[in-house]
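> Following this message is one structure expressed as structure tokens.
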Amino acid sequence: MPPVAPQARLDCPGFARPAALPPLELDPRLISDPALRPVAAKLAAGQRLDLADGLALMNSRDLLGLGALAHAARLAKNGRRAYYVVNRHVNYSNVCSNQCAFCAFWRQEDDARAYLLSPGQAAELAAQEPALPIAELHIVGSCHPDAPLSYYLELLTVLGRARPQAALKAFTPVEIDHLAAKAGLSPAQVLDQLQAAGLGAMPGGGAEVFSPRVRARLCPEKTSGSRWLAISGLAHERGIPTNATMLYGHIETPAERVEHLLALRDQQDQSHGFSAFIPLAYHPHNTKLGGAGHTTGLDDLRVIATARLLLDNFSHIKAYWVMLGPKLAQVALNFGADDLDGTIIEERITHEAGATTAKGQTEAELRGMISAAGFTPVRRDAFYNSLERE
Ligand code: V47
């Protein structure tokens, strides 16, 4: 693999530098874990947290203390607003040459359940339920061994025509790297062509855990963590906002989680184009990696709270209801999260791995979850502009 060309500019003019966390007003009586007290003192002084602070948070069982800290940060960033988007997922293919051990979605090309939607079929899906005010098409598939770059360009063109009001949030840095290698182009050249065909934003999948140790076991064929970060930076240079994720709850250590978050924070310091961070709770069913069970509620909330506090330069933290379940996602609004993601309509990746949640939610259900938790629902577009009628 050729190296990703270094970013032309360190400071990205396309995106404003997100505001840092201000000094937080905290009630020390809410914290019972002594390891969290120095972290609280730093937050109260407006200081940036480091690896040791991240570890104290990531190892703590003081759920109410974690919540108190993360909620103060959430209020400083987003007040009582809780975002959601009317969106639709389009998974254009499940045929994947990476065949990651944690993933239940991929199929070999000769599998009876393998598919590659034609651009026309994808557009038909996107056009269903025309009265729905879909603001975002979330378009993710696989590293298909044969589909050429022209397929992806055509896909964006016809999806844009099918849903002209929707932003096309498409292709992870892993897919970009794969199709650049197939086309014999650089990721930057591919991004330019996709942007000209309508690419407006990019989802945050494929980041998994950046640790080379974890990647060697879980996804040895996949784009490395450093390439994932560099390609995100190339998108930001072009004014394309992207998201970031972390797949947790498998073989990773607390230190590897914290290092992952700090690597995202470093990239954001340089390129400012990450919109949201989304922790992804590992689902073990039908995967090669397998595993005993699901993540715990404590761990889910702890990852969200730690992310809110470490990622002081990220504006948004998503509680992805598909993976957390709607009830815990609602609780997570008090642990640092300010976004529930969206209506989705048809989720496949997590459901192949055993998710028992619904495949979609109605807008009324999302608003109800937010209001019942005491927050103000804000319907947004893919760029976090409010679509609420004032
Ligand atoms: O890239 C795969 C992960 C991702 C499993 O950017 C798994 O707005 C859990 O990235 N258990 C897809 N996770 C989901 C994703 C996403 C979702 C919602 C919003 C956004 C956004 C992005 O899910 C994959 C992979 O990292 N994944 N298999 C599994 N068994």
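To be explicit about the labels: the chains of the structure tokens are called A, B, and onward in the order shown, and within each one the residues are counted from 1, while ligands get numbers from 1 in the order they are shown.
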Let's see if you can do this: from backbone DSSP, list all helix (DSSP H, G or I) residues in stretch 103-325 of chain A, as a ChimeraX atom specification.
/A:119-127,149-162,173-183,187-196,212-218,225-237,254-271,297-310,321-324
> Env of A:Tyr115: 7 Å cut, atoms = only C-alpha atoms, seq-sep filter 3 positions within chain, self excluded. Answer as a ChimeraX atom specification.
/A:93-95
> Rounded to one decimal place, report the atom CA of A:His71-atom CA of A:Asp341 distance in Å.
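Rounded to one decimal, the two atoms are 18.7 Å apart.
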> Residues contacting ligand 1 - anything with an atom at most 8 Å away, using only C-alpha atoms and all ligand atoms - can you give me those as a PyMOL selection string?
chain A and resi 102-105+138+140+172+202-208+242-248+276-278+280-285+287+320+323+341+349-350+352-354
> Restrict the selected residues to C-alpha atoms and save them as a compact mmCIF listing (two decimals), in the first residue's frame.

# COMPACT_ATOMS: atom_id res chain seq x y z
CA PHE A 102 -15.88 -9.37 14.55
CA CYS A 103 -18.25 -8.85 11.63
CA ALA A 104 -21.29 -11.00 10.78
CA PHE A 105 -22.32 -8.95 7.76
CA HIS A 138 -26.08 6.66 5.22
CA VAL A 140 -22.03 1.83 3.64
CA THR A 172 -15.84 4.86 5.36
CA MET A 202 -18.63 10.33 5.51
CA PRO A 203 -19.65 7.85 8.21
CA GLY A 204 -17.20 6.84 10.92
CA GLY A 205 -17.12 3.06 10.54
CA GLY A 206 -14.05 0.92 10.06
CA ALA A 207 -12.01 2.58 12.81
CA GLU A 208 -12.54 -0.42 15.14
CA THR A 242 -16.73 12.74 8.75
CA ASN A 243 -17.57 10.76 11.88
CA ALA A 244 -15.43 8.56 14.10
CA THR A 245 -16.23 5.30 15.86
CA MET A 246 -14.67 2.79 18.23
CA LEU A 247 -15.74 -0.85 18.36
CA TYR A 248 -15.42 -1.93 22.00
CA ALA A 276 -19.51 13.09 15.99
CA PHE A 277 -17.96 10.20 17.85
CA ILE A 278 -20.00 7.00 18.02
CA LEU A 280 -20.04 0.80 18.83
CA ALA A 281 -20.83 -2.00 21.30
CA TYR A 282 -19.57 -5.36 20.02
CA HIS A 283 -22.31 -7.90 19.12
CA PRO A 284 -20.82 -11.42 18.99
CA HIS A 285 -23.39 -13.60 17.18
CA THR A 287 -19.00 -13.81 13.94
CA TYR A 320 -26.39 4.67 18.79
CA MET A 323 -26.44 -1.14 19.51
CA ASP A 341 -28.64 8.92 15.44
CA ILE A 349 -24.79 -4.87 10.13
CA THR A 350 -25.68 -5.14 13.84
CA GLU A 352 -26.63 -9.91 11.40
CA ALA A 353 -24.57 -10.01 14.62
CA GLY A 354 -27.57 -10.63 16.87
> I'd like the contact shell of A:Leu159 - 8 Å cut-off, only C-alpha atoms, skipping same-chain residues fewer than 6 positions apart - returned as a ChimeraX atom specification.
/A:119,122-123,126,168
> At what distance in Å, to one decimal, does atom CA of A:Leu51 lie from atom CA of A:Arg29?
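So the two atoms, atom CA of A:Arg29 and atom CA of A:Leu51, lie 24.4 Å apart.
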> What are the closest atom pairs, with distances in Å to one decimal, for each residue of stretch 19-131 of chain A lying within 10 Å of stretch 221-224 of chain A, using only C-alpha atoms, rows by chain and rising residue number, as a Markdown table?

| residue | atom | partner | partner_atom | distance |
| --- | --- | --- | --- | --- |
| A:Ser97 | CA | A:Glu221 | CA | 7.9 |
| A:Asn98 | CA | A:Glu221 | CA | 5.2 |
| A:Gln99 | CA | A:Glu221 | CA | 7.8 |
| A:Cys100 | CA | A:Glu221 | CA | 7.7 |
> Any idea what's packed within 9 Å of A:Ala332, counting only C-alpha atoms, ignoring anything in its chain fewer than 4 positions away? Could you give it as a list in words?
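Using only C-alpha atoms, the neighbours found are Gly67, Asp300, Leu301, Ile304, Ala305, Lys318, Ala319, Lys327, Leu328, Gly336, Ala337 and Asp338 of chain A.
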> Output C-alpha atoms of each residue in that selection to a file, as a short mmCIF file (atom, residue, chain, number, x, y, z; two decimals), in the first residue's frame.

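Written output follows (result_37.cif):
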data_model
loop_
_atom_site.label_atom_id
_atom_site.label_comp_id
_atom_site.auth_asym_id
_atom_site.auth_seq_id
_atom_site.Cartn_x
_atom_site.Cartn_y
_atom_site.Cartn_z
CA GLY A 67 -22.15 10.67 34.85
CA ASP A 300 -21.56 1.23 27.66
CA LEU A 301 -22.16 4.31 29.81
CA ILE A 304 -19.73 7.27 26.40
CA ALA A 305 -18.82 9.33 29.48
CA LYS A 318 -23.82 9.69 19.64
CA ALA A 319 -25.64 7.07 21.65
CA LYS A 327 -33.62 2.46 26.81
CA LEU A 328 -29.90 2.71 27.51
CA GLY A 336 -22.40 12.75 27.78
CA ALA A 337 -24.36 11.79 24.66
CA ASP A 338 -26.28 14.48 22.78
#
> I'd like the neighbourhood of A:Thr253 as a list in words, where a residue qualifies if any of its atoms comes within 12 Å (using only C-alpha atoms), though same-chain residues fewer than 2 positions away should be ignored.
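These residues fall inside the cut-off: Leu55, Met58, Asn59, Val209, Phe210, Ser211, Arg213, Val214, Leu247, Tyr248, Gly249, His250, Ile251, Ala255, Glu256, Arg257, Val258, Glu259 and His260 of chain A.
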